[in-house]
Structure formats: C-alpha cells, structure tokens
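Engineer: Have a look at this one before I ask anything.
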Amino acid sequence: MYLLYLDDSGSAENPKEQYLVLGGICVYERQVSYFTQELDKIAERLVPGHADSVEFHASEIFSGRIDPWKSLSKDQRRDVIKEVLAVVANSYDSARAFASVVHKASFTPRHAMEVAFEDICSRFDRFLRRVDGKGLIILDESTHATRLVELSHQFRRLGTQWDVIRNIVDGPMFVTSRAFRCVQVADHIAYSVYRRFEAKDATYFDVFAKRFDTDRKIIHGIGHLEKGIEDCMCIGCLSRR
Ligand SMILES: [Zn+2]
C-alpha cells in the first residue's frame, strides 16, 4: 500500500496571498519507519533526550517565535528546514513528492482547496495505476479540516464524477501531525512549494524538486493550476511542453 501524506500551505481565504498549495509525500508502507527515524535523529540532535517533544513545522521553524527554534539563529533555522527536505531527497526511489499549486483568483468562486484536492487525487491515482498499487491519503487534521471533511464525505460521489480515483482506498484519513513524522515531511514540502510560487523563493524547493513523481521526462507530481500561464517556466509546466 502506498500512503500519500498531505498538508496545505497558504490560506484559501486571505486575499493578500495568491496561491494555495496542497502537497506532500507518497511513501510505500515499509518506508514510513525510514522517515520517522531520520526526523527523530534531527530532533534528538536539537533537543537531546527529548526528540519526541520536537515537532517539525516549516513555518514555525522559519519564523523562530517558539521553542526550540527561538534559540537558533536564522541560518540555523533555515538549515533545519533544508535538512528535513534532504531526508526526502535522499530517500528510497519509490518515495515521490506531489503538490498542487492553485492560483486562487483563476478559480473563483470554487474553493481553492477543492480544486487542489481534486487535482492531487488525480495525480496520485495516475501514479498508482502506473505502479499497479493501491493507495491511501493521510491528511493533517488542521488542513482546512472543515472543507476537507466535507470533501471526504463526498469522496465516493466525487470519485465517480471525476473518474480518477479507482486505486485510492476509501476516503482520506485525518491524523494529528504531532504523532506522524511523515505528516511533518508533507508540511515541509507544501511550505517549500508555497515559498517557490508565492515568494518566488526556491531555496527549499530545489532541495527535493528531483523527487516529484516523474514518468518519461514528464513531471506529473506537480500541478500548477493558473489561467494564462502558457509561458510558465516552472518545472511542472516546462516538462509538459
Ligand atoms: Zn508553471
């Protein structure tokens, strides 16, 4: 079974932000422990003896307002985010990154999260068909929870409507990110993609970008959903030309 851990970055409601990102990592069930161990190692180094108390949330690490990030310098905090993403870059080949980048204004009045969720389900299902596997989606419970719980209730009906989710088992599961290192990895991926599009800062994105799901030189793992971007040079758009 392939598990797709997802988290969101950006706000569907805030008009000052152009994009909403839903993104994360697809991991084969046996590889979950690899990610857990690698993030535990980083946590143990940061707070020896209390690795469990360290929760990796990229935006919190970036801003450095709370412990244990408060005591680190700006550069040290940036390095922690990159280190978490390097775990993705160096992981088993079957681990793949996925992300949907939704330009909110291009889809009004549709809810950006609905657009992103539909797109990422379609990408994940396409991957599952290619590897002939079954998959399950696991979301951080804080991920625009209300909207997604609604969507997950409609999952079966939507599945028929989209005709895209044949290999995804049941609706998405909601978990608390504290307990799942893979959800924390998903948080870092969503955050990096958001920074790449909203702030045009590819510092974090570039660390793991090679791990987006790719087949025959087309990068299927990332979807840039925006009107009027025929000339876009982002890796997803470029690979489809
Ligand atoms: Zn693009």
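Each chain of the structure tokens is named A, B, ... in the order shown, its residues numbered from 1; ligands are numbered from 1 in display order.
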Could you list the protein, DNA and RNA residues that have any atom within 9 Å of ligand 1, counting only C-alpha atoms and all ligand atoms, and write them as a ChimeraX atom specification?
Structural biologist: /A:101,197,222-226,229-238
Engineer: Go ahead and dump the residues you just picked, C-alpha atoms, as a JSON list (two decimals), in the first residue's frame.
Structural biologist:
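Output saved as part32.json:
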```json
[["chain", "number", "residue", "atom", "x", "y", "z"],
["A", 101, "VAL", "CA", -0.46, 24.81, -6.70],
["A", 197, "PHE", "CA", 5.30, 30.27, -6.05],
["A", 222, "ILE", "CA", 3.39, 18.89, -9.55],
["A", 223, "GLY", "CA", 0.37, 20.70, -10.95],
["A", 224, "HIS", "CA", 0.47, 24.47, -11.48],
["A", 225, "LEU", "CA", -3.18, 25.46, -11.87],
["A", 226, "GLU", "CA", -3.45, 29.02, -13.09],
["A", 229, "ILE", "CA", 0.42, 30.76, -17.86],
["A", 230, "GLU", "CA", 1.27, 29.31, -21.27],
["A", 231, "ASP", "CA", 4.83, 30.66, -20.93],
["A", 232, "CYS", "CA", 5.40, 29.45, -17.36],
["A", 233, "MET", "CA", 8.91, 28.10, -16.77],
["A", 234, "CYS", "CA", 8.19, 26.18, -13.56],
["A", 235, "ILE", "CA", 9.37, 22.56, -13.73],
["A", 236, "GLY", "CA", 5.84, 21.16, -13.95],
["A", 237, "CYS", "CA", 4.71, 23.40, -16.84],
["A", 238, "LEU", "CA", 8.05, 23.18, -18.64]]
```
Engineer: May I ask which of the residues A:Ala86, A:Ala12, A:Leu72, A:Ile25 is the closest one to Asp213 of chain A, counting only C-alpha atoms?
Structural biologist: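 Checking each of A:Ala86, A:Ala12, A:Leu72, A:Ile25 against Asp213 of chain A, counting only C-alpha atoms, the winner is A:Ile25.
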Engineer: Residues of segment 29-58 of chain A in helix (DSSP H, G or I) according to DSSP, as a PyMOL selection string?
Structural biologist: chain A and resi 29-46+51-53+58
Engineer: Restricting the calculation to only C-alpha atoms, which member of A:Val32, A:Val47, A:Val84, A:Val183 is positioned closest to Ser71 of chain A?
Structural biologist: A:Val47
